[in-house]
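Pasting upload_14.cif here (mmCIF, C-alpha atoms):
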```cif
data_input
loop_
_atom_site.label_atom_id
_atom_site.label_comp_id
_atom_site.auth_asym_id
_atom_site.auth_seq_id
_atom_site.Cartn_x
_atom_site.Cartn_y
_atom_site.Cartn_z
CA MET Z 260 0.18 11.69 -32.92
CA SER Z 261 -0.69 8.90 -30.50
CA ARG Z 262 0.32 9.19 -26.86
CA ARG Z 263 2.55 6.13 -27.32
CA SER Z 264 4.41 7.80 -30.20
CA TRP Z 265 4.62 11.08 -28.29
CA LEU Z 266 6.11 9.34 -25.25
CA SER Z 267 8.72 7.54 -27.34
CA LEU Z 268 9.93 10.87 -28.76
CA LEU Z 269 10.82 11.94 -25.23
CA ILE Z 270 13.18 9.01 -24.72
CA PHE Z 271 16.84 9.98 -24.52
CA SER Z 272 19.29 7.15 -25.09
CA CYS Z 273 22.85 7.67 -23.90
CA ALA Z 274 24.08 4.14 -24.56
CA ILE Z 275 22.88 0.62 -25.27
CA PRO Z 276 21.82 -0.90 -21.95
CA PHE Z 277 24.21 -3.47 -20.58
CA GLY Z 278 22.92 -6.94 -19.74
CA SER Z 279 24.08 -9.15 -16.90
CA SER Z 280 27.74 -10.03 -17.24
CA GLY Z 281 29.23 -13.49 -16.80
CA SER Z 282 25.91 -15.35 -17.05
CA SER Z 283 23.34 -16.18 -19.70
CA ALA Z 284 20.60 -16.54 -17.09
CA GLU Z 285 17.79 -14.03 -17.13
CA PRO Z 286 17.73 -11.75 -14.06
CA ALA Z 287 15.01 -12.39 -11.53
CA ASP Z 288 11.99 -10.12 -11.85
CA TRP Z 289 11.45 -7.19 -9.49
CA PRO Z 290 7.68 -7.75 -9.42
CA ARG Z 291 6.56 -5.65 -6.47
CA PHE Z 292 7.35 -2.79 -4.09
CA ARG Z 293 10.81 -3.23 -2.52
CA GLY Z 294 11.61 -6.27 -4.64
CA PRO Z 295 10.83 -10.00 -4.70
CA GLY Z 296 11.03 -10.32 -0.91
CA GLY Z 297 9.38 -6.96 -0.21
CA ASP Z 298 12.43 -6.17 1.93
CA GLY Z 299 14.48 -3.69 -0.10
CA VAL Z 300 17.17 -6.30 -0.83
CA CYS Z 301 18.62 -6.90 -4.29
CA THR Z 302 20.50 -10.22 -4.62
CA GLU Z 303 22.51 -9.33 -7.72
CA THR Z 304 26.30 -9.37 -7.39
CA GLY Z 305 29.26 -8.19 -9.44
CA LEU Z 306 27.95 -4.64 -9.64
CA ASN Z 307 30.28 -1.71 -10.24
CA TRP Z 308 30.54 0.52 -7.18
CA ASP Z 309 33.50 2.62 -8.34
CA TRP Z 310 31.58 5.61 -9.58
CA PRO Z 311 33.05 8.80 -11.05
CA PRO Z 312 32.02 12.08 -9.40
CA GLU Z 313 29.11 12.45 -11.80
CA GLY Z 314 27.82 8.99 -10.86
CA PRO Z 315 27.22 5.86 -12.93
CA LYS Z 316 26.53 6.21 -16.64
CA LEU Z 317 23.07 7.35 -17.63
CA LEU Z 318 21.61 4.81 -20.04
CA TRP Z 319 18.29 6.47 -20.77
CA LYS Z 320 15.52 8.62 -19.46
CA VAL Z 321 11.81 8.75 -20.22
CA GLU Z 322 9.26 11.43 -19.41
CA GLY Z 323 5.49 11.53 -19.63
CA ILE Z 324 4.58 8.93 -17.00
CA GLY Z 325 2.75 11.49 -14.89
CA LYS Z 326 3.13 12.78 -11.38
CA GLY Z 327 3.33 10.51 -8.37
CA TYR Z 328 5.50 8.77 -5.80
CA SER Z 329 5.13 5.24 -7.18
CA SER Z 330 8.32 3.26 -7.71
CA VAL Z 331 8.66 0.71 -10.54
CA SER Z 332 8.09 -3.02 -10.87
CA ILE Z 333 9.91 -4.98 -13.57
CA ALA Z 334 8.63 -8.31 -14.86
CA GLY Z 335 8.66 -10.17 -18.17
CA GLY Z 336 10.71 -7.48 -19.87
CA ARG Z 337 8.28 -4.71 -18.96
CA ILE Z 338 8.37 -1.80 -16.53
CA TYR Z 339 5.21 -0.98 -14.56
CA THR Z 340 4.43 2.14 -12.56
CA MET Z 341 1.59 4.57 -11.77
CA GLY Z 342 1.04 8.24 -12.48
CA ASP Z 343 -1.53 11.04 -12.68
CA ARG Z 344 -1.72 12.61 -16.12
CA SER Z 345 -4.12 14.04 -18.68
CA ASP Z 346 -7.06 11.94 -19.81
CA GLY Z 347 -8.41 13.83 -22.80
CA GLY Z 348 -8.32 17.15 -20.99
CA ASP Z 349 -9.02 16.02 -17.43
CA GLU Z 350 -6.48 14.34 -15.20
CA SER Z 351 -6.81 10.73 -14.06
CA GLN Z 352 -4.73 8.11 -12.26
CA PHE Z 353 -3.17 5.39 -14.42
CA VAL Z 354 -1.18 2.19 -14.28
CA ILE Z 355 1.42 2.37 -17.05
CA ALA Z 356 3.39 -0.39 -18.80
CA LEU Z 357 6.59 0.36 -20.74
CA ASP Z 358 8.66 -1.91 -22.93
CA GLY Z 359 11.90 -2.57 -21.04
CA ASP Z 360 14.06 -2.45 -24.20
CA THR Z 361 12.53 0.41 -26.18
CA ARG Z 362 10.83 2.24 -23.29
CA GLU Z 363 7.80 2.75 -25.54
CA GLU Z 364 4.48 2.82 -23.75
CA ILE Z 365 2.60 -0.46 -24.26
CA TRP Z 366 -0.57 0.48 -22.45
CA ALA Z 367 -2.03 2.81 -19.83
CA ALA Z 368 -5.03 1.71 -17.75
CA LYS Z 369 -7.17 4.21 -15.88
CA VAL Z 370 -7.56 3.44 -12.17
CA GLY Z 371 -9.54 6.33 -10.73
CA PRO Z 372 -9.49 10.05 -9.92
CA PRO Z 373 -6.19 11.91 -9.50
CA HIS Z 374 -4.63 13.03 -6.25
CA SER Z 375 -2.99 16.38 -5.46
CA ASP Z 376 0.49 14.92 -5.95
CA GLY Z 377 -0.22 11.54 -7.52
CA PRO Z 378 -0.36 7.87 -6.50
CA ARG Z 379 1.86 6.13 -3.94
CA CYS Z 380 1.31 2.46 -4.83
CA THR Z 381 3.83 0.42 -6.79
CA PRO Z 382 2.10 -2.19 -8.99
CA THR Z 383 2.43 -5.88 -8.15
CA VAL Z 384 2.92 -8.31 -11.06
CA ALA Z 385 2.10 -12.01 -10.72
CA ALA Z 386 1.16 -14.78 -13.19
CA GLY Z 387 0.28 -12.46 -16.05
CA LEU Z 388 -1.75 -10.04 -13.91
CA VAL Z 389 -1.00 -6.58 -12.54
CA TYR Z 390 -2.50 -5.28 -9.27
CA ALA Z 391 -2.56 -1.65 -8.18
CA LEU Z 392 -4.28 0.57 -5.62
CA GLY Z 393 -5.35 4.13 -6.39
CA THR Z 394 -5.37 6.86 -3.79
CA ASP Z 395 -9.19 6.84 -3.64
CA GLY Z 396 -9.16 3.14 -2.73
CA ASP Z 397 -9.70 1.76 -6.25
CA LEU Z 398 -8.10 -1.69 -6.29
CA VAL Z 399 -7.66 -3.04 -9.83
CA CYS Z 400 -6.52 -6.30 -11.37
CA LEU Z 401 -5.30 -5.83 -14.95
CA ASP Z 402 -4.15 -8.13 -17.73
CA ALA Z 403 -0.39 -7.68 -17.95
CA ALA Z 404 -0.34 -8.13 -21.73
CA SER Z 405 -3.06 -5.65 -22.65
CA GLY Z 406 -3.91 -3.59 -19.54
CA GLY Z 407 -7.49 -4.81 -19.76
CA LEU Z 408 -9.49 -4.78 -16.53
CA ARG Z 409 -10.07 -8.21 -14.96
CA TRP Z 410 -11.76 -7.03 -11.76
CA LYS Z 411 -12.08 -3.99 -9.54
CA LYS Z 412 -12.96 -3.23 -5.92
CA ASN Z 413 -13.06 -0.06 -3.88
CA LEU Z 414 -11.66 -0.32 -0.35
CA ALA Z 415 -14.00 2.35 1.02
CA ASP Z 416 -17.21 1.37 -0.76
CA ASP Z 417 -16.84 -2.41 -0.60
CA PHE Z 418 -15.16 -2.83 2.79
CA GLY Z 419 -15.86 0.35 4.78
CA GLY Z 420 -12.18 1.24 4.57
CA LYS Z 421 -10.55 4.42 5.80
CA MET Z 422 -7.08 5.83 6.40
CA MET Z 423 -5.68 6.74 9.80
CA SER Z 424 -5.01 10.34 8.72
CA VAL Z 425 -5.43 12.82 5.87
CA TRP Z 426 -3.23 11.17 3.23
CA LYS Z 427 -5.02 8.71 1.00
CA PHE Z 428 -4.53 5.00 0.30
CA SER Z 429 -0.86 4.33 -0.28
CA GLU Z 430 0.05 0.67 0.18
CA SER Z 431 1.10 -1.73 -2.55
CA PRO Z 432 -1.12 -4.86 -2.53
CA ILE Z 433 0.64 -8.22 -2.30
CA VAL Z 434 0.00 -11.59 -3.92
CA ASP Z 435 0.60 -14.67 -1.78
CA GLY Z 436 -0.48 -18.03 -3.15
CA PRO Z 437 -4.11 -17.74 -4.30
CA ARG Z 438 -4.67 -14.52 -2.35
CA LEU Z 439 -4.45 -10.80 -3.09
CA VAL Z 440 -4.01 -9.14 0.32
CA CYS Z 441 -4.42 -5.47 1.27
CA THR Z 442 -5.50 -3.16 4.11
CA PRO Z 443 -8.82 -1.32 3.75
CA GLY Z 444 -8.67 -0.18 7.38
CA GLY Z 445 -12.38 -0.66 8.07
CA PRO Z 446 -13.79 -1.69 11.46
CA GLU Z 447 -15.01 -5.02 10.04
CA ALA Z 448 -12.32 -5.31 7.37
CA LEU Z 449 -9.00 -4.02 8.62
CA ILE Z 450 -7.22 -6.50 6.30
CA VAL Z 451 -8.83 -8.52 3.52
CA ALA Z 452 -7.78 -11.42 1.33
CA LEU Z 453 -9.35 -11.67 -2.13
CA ASP Z 454 -9.17 -14.37 -4.76
CA LYS Z 455 -6.39 -13.04 -6.98
CA THR Z 456 -8.11 -14.10 -10.22
CA THR Z 457 -11.72 -13.08 -9.49
CA GLY Z 458 -11.56 -10.51 -6.68
CA ASP Z 459 -14.01 -12.54 -4.59
CA LEU Z 460 -13.66 -12.16 -0.83
CA ILE Z 461 -11.81 -15.04 0.86
CA TRP Z 462 -11.74 -13.56 4.35
CA LYS Z 463 -11.70 -10.30 6.27
CA CYS Z 464 -10.17 -9.47 9.64
CA ALA Z 465 -11.99 -7.03 11.92
CA SER Z 466 -10.08 -4.28 13.71
CA PRO Z 467 -8.86 -5.55 17.08
CA ALA Z 468 -8.51 -3.43 20.22
CA LEU Z 469 -4.76 -2.79 20.26
CA GLY Z 470 -4.47 0.11 22.70
CA PRO Z 471 -4.74 3.89 23.04
CA ARG Z 472 -1.88 4.99 20.79
CA GLY Z 473 -2.46 5.94 17.17
CA ARG Z 474 -5.74 6.16 15.31
CA ASP Z 475 -8.21 3.74 13.80
CA GLY Z 476 -7.83 2.96 10.11
CA ALA Z 477 -5.18 1.74 7.71
CA GLY Z 478 -1.59 2.88 7.92
CA TYR Z 479 0.66 3.61 4.95
CA THR Z 480 2.58 0.34 5.24
CA THR Z 481 2.78 -2.53 2.76
CA ILE Z 482 2.06 -6.00 4.17
CA VAL Z 483 4.91 -8.47 4.73
CA PRO Z 484 4.15 -12.23 4.53
CA ALA Z 485 6.17 -14.46 6.88
CA ASP Z 486 6.24 -17.94 8.38
CA ILE Z 487 6.50 -17.70 12.17
CA GLU Z 488 6.24 -20.65 14.53
CA GLY Z 489 5.05 -22.79 11.62
CA VAL Z 490 2.17 -20.49 10.66
CA ARG Z 491 1.96 -18.36 7.52
CA GLN Z 492 0.90 -14.86 8.52
CA TYR Z 493 0.64 -11.28 7.24
CA LEU Z 494 2.35 -8.51 9.19
CA THR Z 495 1.82 -4.79 8.82
CA ILE Z 496 1.51 -1.56 10.81
CA VAL Z 497 -1.96 -0.03 10.82
CA GLY Z 498 -3.17 3.13 12.54
CA ARG Z 499 -3.12 1.46 15.97
CA GLY Z 500 0.21 -0.33 15.63
CA ALA Z 501 1.80 -3.55 14.41
CA ILE Z 502 -0.47 -6.52 13.80
CA SER Z 503 -0.37 -10.02 12.34
CA VAL Z 504 -3.17 -12.17 10.93
CA GLU Z 505 -3.21 -15.81 9.89
CA ALA Z 506 -2.84 -16.13 6.11
CA ALA Z 507 -5.21 -19.06 5.70
CA THR Z 508 -8.12 -17.71 7.74
CA GLY Z 509 -7.61 -14.00 8.50
CA ARG Z 510 -7.69 -14.72 12.23
CA PHE Z 511 -6.01 -11.98 14.27
CA LEU Z 512 -2.89 -13.40 15.93
CA TRP Z 513 -1.07 -10.63 17.79
CA GLY Z 514 -0.65 -6.86 18.02
CA TYR Z 515 1.70 -4.22 19.42
CA ASN Z 516 0.36 -0.74 20.14
CA ARG Z 517 3.49 1.07 21.38
CA ILE Z 518 4.86 1.61 17.86
CA ALA Z 519 1.78 3.59 16.71
CA ASN Z 520 1.59 7.34 16.25
CA ARG Z 521 -1.34 9.57 15.30
CA THR Z 522 0.13 10.97 12.05
CA ALA Z 523 1.45 8.22 9.75
CA ASN Z 524 2.76 4.70 10.31
CA VAL Z 525 4.71 3.93 7.14
CA SER Z 526 7.69 1.56 7.18
CA SER Z 527 7.12 -2.19 6.77
CA PRO Z 528 8.26 -4.64 9.46
CA ILE Z 529 11.41 -6.75 9.10
CA VAL Z 530 11.08 -10.43 10.01
CA ARG Z 531 13.80 -12.98 10.82
CA GLY Z 532 12.69 -16.24 12.36
CA ASN Z 533 10.31 -15.35 15.18
CA MET Z 534 11.79 -11.85 15.63
CA VAL Z 535 10.07 -8.78 14.16
CA PHE Z 536 11.59 -5.28 13.93
CA VAL Z 537 9.17 -2.35 13.66
CA THR Z 538 9.77 1.39 13.43
CA THR Z 539 7.76 4.58 12.95
CA SER Z 540 8.50 8.29 13.16
CA TYR Z 541 6.75 11.37 14.55
CA ARG Z 542 8.52 11.08 17.92
CA THR Z 543 7.84 7.35 18.23
CA GLY Z 544 10.82 4.99 17.81
CA SER Z 545 11.61 1.35 17.07
CA ALA Z 546 11.22 -2.05 18.71
CA LEU Z 547 12.20 -5.67 18.34
CA LEU Z 548 9.47 -8.17 19.15
CA ARG Z 549 9.79 -11.87 19.93
CA ILE Z 550 6.73 -13.71 18.67
CA ALA Z 551 5.75 -16.75 20.74
CA ARG Z 552 2.96 -19.28 20.31
CA LYS Z 553 1.30 -21.34 23.02
CA GLY Z 554 -1.43 -23.47 21.55
CA GLU Z 555 -3.82 -21.11 19.78
CA ALA Z 556 -2.59 -18.07 21.73
CA TRP Z 557 0.07 -15.70 20.39
CA ASN Z 558 2.16 -13.10 22.14
CA ALA Z 559 4.47 -10.30 20.97
CA GLU Z 560 7.13 -9.79 23.64
CA GLU Z 561 9.14 -6.57 23.50
CA VAL Z 562 12.87 -7.42 23.42
CA TYR Z 563 13.96 -3.77 23.30
CA PHE Z 564 12.55 -0.36 22.48
CA LEU Z 565 14.53 2.53 21.00
CA GLY Z 566 13.14 6.01 21.52
CA PRO Z 567 13.00 8.66 18.79
CA ARG Z 568 16.38 10.08 19.79
CA ASP Z 569 17.94 6.69 19.11
CA PHE Z 570 16.22 5.57 15.92
CA GLU Z 571 12.93 6.33 14.17
CA ASN Z 572 12.42 5.75 10.47
CA HIS Z 573 10.18 8.23 8.72
CA HIS Z 574 9.09 6.63 5.42
CA GLY Z 575 12.16 5.44 3.50
CA GLY Z 576 12.14 1.95 4.98
CA VAL Z 577 14.87 -0.15 6.58
CA VAL Z 578 16.80 -3.21 5.40
CA LEU Z 579 18.32 -6.19 7.20
CA ALA Z 580 21.78 -7.25 5.98
CA GLY Z 581 23.46 -9.95 8.01
CA ASP Z 582 22.88 -9.21 11.68
CA HIS Z 583 22.30 -5.49 11.26
CA VAL Z 584 19.50 -3.11 10.35
CA TYR Z 585 20.28 -0.11 8.13
CA GLY Z 586 18.07 2.89 7.46
CA GLY Z 587 17.53 6.61 7.76
CA ASP Z 588 16.85 8.08 11.20
CA GLY Z 589 14.71 11.06 12.04
CA GLN Z 590 11.61 12.82 10.81
CA ASN Z 591 12.48 14.37 7.43
CA LYS Z 592 16.17 13.66 8.05
CA GLY Z 593 17.42 10.28 6.82
CA VAL Z 594 20.52 10.12 8.99
CA PRO Z 595 22.33 6.85 8.10
CA VAL Z 596 22.20 4.36 10.96
CA CYS Z 597 23.49 0.85 11.48
CA LEU Z 598 22.08 -0.99 14.48
CA GLU Z 599 22.42 -4.55 15.70
CA PHE Z 600 19.20 -6.44 15.03
CA GLU Z 601 19.14 -8.58 18.19
CA THR Z 602 20.29 -5.95 20.70
CA GLY Z 603 19.40 -2.55 19.24
CA ASN Z 604 22.95 -1.31 19.83
CA ILE Z 605 23.80 1.58 17.50
CA CYS Z 606 27.00 0.80 15.56
CA TRP Z 607 27.26 4.11 13.72
CA LYS Z 608 25.24 7.25 13.17
CA PRO Z 609 27.05 10.00 11.22
CA GLU Z 610 25.73 13.22 9.75
CA ALA Z 611 23.41 12.77 6.80
CA PRO Z 612 25.05 13.27 3.38
CA GLY Z 613 21.74 14.52 1.94
CA LYS Z 614 18.66 16.46 2.97
CA GLY Z 615 15.25 15.10 3.89
CA SER Z 616 14.10 11.52 4.35
CA ALA Z 617 15.96 8.72 2.57
CA ALA Z 618 14.69 5.57 0.85
CA VAL Z 619 17.17 2.72 1.31
CA LEU Z 620 18.09 -0.23 -0.91
CA TYR Z 621 20.67 -2.98 -0.24
CA ALA Z 622 22.71 -4.67 -2.97
CA ASP Z 623 26.04 -6.49 -3.16
CA GLY Z 624 27.42 -5.31 0.19
CA HIS Z 625 26.32 -1.71 -0.33
CA LEU Z 626 23.49 0.63 0.60
CA ILE Z 627 21.89 3.16 -1.68
CA PHE Z 628 20.33 6.03 0.24
CA ARG Z 629 18.11 8.18 -1.95
CA TYR Z 630 17.35 11.57 -0.39
CA GLN Z 631 14.12 13.42 -0.95
CA ASP Z 632 15.81 16.75 -1.74
CA LYS Z 633 16.57 16.51 -5.49
CA GLY Z 634 17.05 12.74 -5.16
CA LEU Z 635 20.70 12.84 -4.12
CA ILE Z 636 22.18 9.32 -4.11
CA ALA Z 637 24.60 8.29 -1.36
CA LEU Z 638 26.53 5.01 -1.69
CA ILE Z 639 27.45 3.55 1.70
CA GLU Z 640 29.20 0.29 2.58
CA ALA Z 641 26.94 -2.08 4.51
CA LYS Z 642 29.51 -2.87 7.21
CA PRO Z 643 28.85 -2.45 10.92
CA ASP Z 644 32.46 -1.80 12.00
CA ALA Z 645 32.56 1.75 10.58
CA TYR Z 646 30.61 4.21 8.46
CA ARG Z 647 32.12 4.47 4.98
CA LEU Z 648 30.53 6.82 2.48
CA LYS Z 649 31.95 5.69 -0.86
CA SER Z 650 30.29 8.17 -3.20
CA THR Z 651 27.48 10.63 -3.79
CA PHE Z 652 26.02 11.87 -7.04
CA GLN Z 653 23.20 14.06 -8.24
CA PRO Z 654 20.96 12.17 -10.68
CA LEU Z 655 18.48 13.74 -13.04
CA ASN Z 656 15.57 15.02 -11.04
CA GLY Z 657 12.00 16.10 -11.49
CA ASP Z 658 9.65 18.18 -9.39
CA GLY Z 659 8.83 17.71 -5.73
CA PRO Z 660 10.23 15.28 -3.17
CA ALA Z 661 12.20 12.32 -4.58
CA TRP Z 662 10.33 9.74 -2.48
CA PRO Z 663 10.01 6.78 -4.91
CA HIS Z 664 12.20 3.89 -3.78
CA PRO Z 665 15.23 3.07 -5.97
CA VAL Z 666 15.31 -0.24 -7.85
CA ILE Z 667 18.24 -2.34 -9.11
CA HIS Z 668 17.46 -4.90 -11.80
CA ASP Z 669 19.78 -6.62 -14.29
CA GLY Z 670 22.69 -4.38 -13.38
CA LYS Z 671 20.72 -1.16 -13.80
CA LEU Z 672 19.64 1.43 -11.26
CA TYR Z 673 16.12 2.83 -11.81
CA LEU Z 674 15.17 6.18 -10.27
CA ARG Z 675 11.64 7.56 -10.61
CA HIS Z 676 11.11 11.24 -9.80
CA ASN Z 677 7.59 12.39 -10.49
CA ASP Z 678 7.14 12.53 -14.30
CA LEU Z 679 10.70 11.30 -14.96
CA LEU Z 680 12.19 7.78 -14.95
CA ALA Z 681 15.98 7.50 -15.36
CA CYS Z 682 18.12 4.38 -15.71
CA TYR Z 683 21.85 4.11 -14.83
CA ASP Z 684 24.43 1.46 -15.62
CA LEU Z 685 25.84 -0.53 -12.66
CA ARG Z 686 27.73 -3.09 -14.81
CA GLY Z 687 29.98 -0.92 -16.97
CA GLU Z 688 33.42 0.42 -16.23
#
```
Whole structure given in structure tokens:
Amino acid sequence: MSRRSWLSLLIFSCAIPFGSSGSSAEPADWPRFRGPGGDGVCTETGLNWDWPPEGPKLLWKVEGIGKGYSSVSIAGGRIYTMGDRSDGGDESQFVIALDGDTREEIWAAKVGPPHSDGPRCTPTVAAGLVYALGTDGDLVCLDAASGGLRWKKNLADDFGGKMMSVWKFSESPIVDGPRLVCTPGGPEALIVALDKTTGDLIWKCASPALGPRGRDGAGYTTIVPADIEGVRQYLTIVGRGAISVEAATGRFLWGYNRIANRTANVSSPIVRGNMVFVTTSYRTGSALLRIARKGEAWNAEEVYFLGPRDFENHHGGVVLAGDHVYGGDGQNKGVPVCLEFETGNICWKPEAPGKGSAAVLYADGHLIFRYQDKGLIALIEAKPDAYRLKSTFQPLNGDGPAWPHPVIHDGKLYLRHNDLLACYDLRGE
């Protein structure tokens, strides 16, 4: 029996998936880590938030995608993820494409060697191509239709890349215009931009001297593109702190060392206008920066700094909804917090409804906190006036920490947990 046929036998269908209600328009793709904007924000509305105690209806589940912490991307009716699984007896790391309707495996493309607990990258889909980064630094560009290899680089071998600490390459590469952008972490190539169709080098940015905190090398953060003061730039947090480089040239623009720690800098920055919010854990904290330009010179001015007792996000990310930032506070804790973006004032900070760190997703006036311990889901209203926990439920779970970020697409909630992917209905009664 083929692996594709074997995988399809593991599919459990509880109901016919619901489509978007009230509109014939196709839902926007979810083509990359944390959604179209890379900010953990889903723009769908009209979702059903009145869940029974057992949670929203399970539509289907599929097993056999391998171990790993990758979330899912959804584009062109297909679901893309990564996993470590058997390769004719040995284990390898794969990018996997599933049919969104049947959940049958369309293709699986080998990326590189496996990791102890699997890959971290979520594939990026753009213009018929799929980009993914393996834990050993293997960066691949694949044909979305067939999984065929278009080009491949290795961040360590080709760019002298290295990580800031013991965990391996984890970011999700981004596509911006003609460029594929990622973070090797090398002294001469901290960030690189490659031609997205050929893999040829467009530019590389050398590691700047940011300060004493942290360590040299790449962090575990995914790059955020933004237009600030009329200049397109790429923001991320590397081993030595927050940095920004010019998109067109790779020229280093500004940096901020205080947010760095020596263990792992994980969560992506949030950008609004010329204001940038950054946060890391391991007894570090959070800060809001005002980015100013004077001629060719750039400066990151600290508006406020919150210490680790106030707010530090471990690795579940934060979201900006209206004028407030929401996310989990504490190392391995995920305590729900709402804070005012411009002032840093804490609006609420209750006890955590789940255990461990929490990945956060915003949709339709609500927050989904997904906790690492068995993947408990907490539904919280995204309102600064008071903390309102509307519901919790225990979804199907796999082995290990439930770290993959949740996804909402076309009225469905997708939850990856190691070898398992489950889909729940957010449109039905």
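Here CA of Gly305 (chain Z) stands at a distance of 13.6 Å from CA of Tyr621 (chain Z).
Close contacts of region 579-591 of chain Z, defined as residues with an atom at most 7 Å away when counting only C-alpha atoms, with chain neighbours fewer than 6 positions off set aside, comprise Ser540, Tyr541, Phe570, Glu571, Asn572, His573, Cys597, Leu598, Glu599, Phe600, Gly615, Ser616, Ala617 and Val619 of chain Z.
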Carefully work through the PyMOL selection byres ((chain Z and resi 548-550) around 6) for this structure and note down the residues it includes, as a list in words.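 Checked against the file, the PyMOL selection byres ((chain Z and resi 548-550) around 6) matches Asn533, Met534, Val535, Leu547, Ala551, Asn558, Ala559, Glu560, Glu561 and Val562 of chain Z.
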Between Z:Asp454, Z:Asp435, Z:Asn524, Z:Tyr390, which one has atoms that come closest to Arg491 (chain Z), using only C-alpha atoms?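 Counting only C-alpha atoms, the residue closest to Arg491 (chain Z) is Z:Asp435.
Minimum atom-to-atom distance to Tyr630 (chain Z), evaluated using all atoms listed in the file, belongs to Z:Gly593 out of Z:Gln352, Z:Asp644, Z:Gly593, Z:Thr480.
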For the file shown, what are the residues hit by the PyMOL selection byres ((chain Z and resi 684) around 8), laid out as a VMD selection string? chain Z and resid 276 to 277 315 to 318 670 to 672 682 to 683 685 to 687
For Phe428 (chain Z): contacts at 8 Å, only C-alpha atoms, fewer than 3 positions along chain excluded, given as a tab-separated table (two decimals) with C-alpha atoms, in the frame of the given file:
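Final file, around.tsv:
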```tsv
chain	number	residue	atom	x	y	z
Z	379	ARG	CA	1.86	6.13	-3.94
Z	392	LEU	CA	-4.28	0.57	-5.62
Z	393	GLY	CA	-5.35	4.13	-6.39
Z	394	THR	CA	-5.37	6.86	-3.79
Z	395	ASP	CA	-9.19	6.84	-3.64
Z	396	GLY	CA	-9.16	3.14	-2.73
Z	422	MET	CA	-7.08	5.83	6.40
Z	479	TYR	CA	0.66	3.61	4.95
```
What does the structure give for the distance between CA of Pro528 (chain Z) and CA of Thr495 (chain Z), in Å to one decimal?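 Computing it gives 6.5 Å between the two atoms.
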Apply the PyMOL selection byres ((chain Z and resi 538) around 7) to the file shown and report the selected residues as a CSV table (one decimal) with C-alpha atoms, in the coordinates of the input.
```csv
chain,number,residue,atom,x,y,z
Z,518,ILE,CA,4.9,1.6,17.9
Z,526,SER,CA,7.7,1.6,7.2
Z,536,PHE,CA,11.6,-5.3,13.9
Z,537,VAL,CA,9.2,-2.4,13.7
Z,539,THR,CA,7.8,4.6,13.0
Z,544,GLY,CA,10.8,5.0,17.8
Z,545,SER,CA,11.6,1.4,17.1
Z,546,ALA,CA,11.2,-2.0,18.7
Z,571,GLU,CA,12.9,6.3,14.2
Z,572,ASN,CA,12.4,5.8,10.5
```
How would you write as number ranges by chain the residues that get within 10 Å of (3.8, -19.8, 13.9) in the file's frame, counting all atoms listed in the file?
-> Z: 485-492, 505, 512, 532-533, 550-555, 557
Those residues with C-alpha atoms, as a PDB file, in the frame of the given file please?
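File written: selection-v3.pdb
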```pdb
ATOM      1  CA  ALA Z 485       6.170 -14.460   6.880  1.00  0.00           C
ATOM      2  CA  ASP Z 486       6.240 -17.940   8.380  1.00  0.00           C
ATOM      3  CA  ILE Z 487       6.500 -17.700  12.170  1.00  0.00           C
ATOM      4  CA  GLU Z 488       6.240 -20.650  14.530  1.00  0.00           C
ATOM      5  CA  GLY Z 489       5.050 -22.790  11.620  1.00  0.00           C
ATOM      6  CA  VAL Z 490       2.170 -20.490  10.660  1.00  0.00           C
ATOM      7  CA  ARG Z 491       1.960 -18.360   7.520  1.00  0.00           C
ATOM      8  CA  GLN Z 492       0.900 -14.860   8.520  1.00  0.00           C
ATOM      9  CA  GLU Z 505      -3.210 -15.810   9.890  1.00  0.00           C
ATOM     10  CA  LEU Z 512      -2.890 -13.400  15.930  1.00  0.00           C
ATOM     11  CA  GLY Z 532      12.690 -16.240  12.360  1.00  0.00           C
ATOM     12  CA  ASN Z 533      10.310 -15.350  15.180  1.00  0.00           C
ATOM     13  CA  ILE Z 550       6.730 -13.710  18.670  1.00  0.00           C
ATOM     14  CA  ALA Z 551       5.750 -16.750  20.740  1.00  0.00           C
ATOM     15  CA  ARG Z 552       2.960 -19.280  20.310  1.00  0.00           C
ATOM     16  CA  LYS Z 553       1.300 -21.340  23.020  1.00  0.00           C
ATOM     17  CA  GLY Z 554      -1.430 -23.470  21.550  1.00  0.00           C
ATOM     18  CA  GLU Z 555      -3.820 -21.110  19.780  1.00  0.00           C
ATOM     19  CA  TRP Z 557       0.070 -15.700  20.390  1.00  0.00           C
TER      20      TRP Z 557
END
```
* Return the single residue from Z:Ala523, Z:Ala334, Z:Val577, Z:Val666 that is closest to Gly473 (chain Z), with distances computed using only C-alpha atoms. =>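 Looking at the shortest contact to Gly473 (chain Z), the residue is Z:Ala523.
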CA of Leu408 (chain Z) sits from CA of Lys369 (chain Z) at a separation of 9.3 Å
Taking all atoms listed in the file into account, name the residue in Z:Lys633, Z:Arg521, Z:Arg510, Z:Lys608 that is nearest to Arg474 (chain Z).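 Smallest separation from Arg474 (chain Z) among the options: Z:Arg521.
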Quiz prompt | Nearest candidate to Ala645 (chain Z) (options Z:Val399, Z:Cys606, Z:Ile461, Z:Val370; using all atoms listed in the file) | solution =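 The answer is Z:Cys606, which sits nearest to Ala645 (chain Z).
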ask   = Of the residues Z:Ala468, Z:Leu638, Z:Val384, Z:Ala501, which is the one nearest to Phe292 (chain Z), using all atoms listed in the file?
value =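 Going through Z:Ala468, Z:Leu638, Z:Val384, Z:Ala501 one by one, the smallest distance to Phe292 (chain Z) is for Z:Val384.
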**Item:** Selection near Val440 (chain Z), 9 Å with only C-alpha atoms, sequence-local residues under 3 positions removed, as an MDAnalysis selection string
**Value:** chainID Z and resid 432:435 450:455 482 493
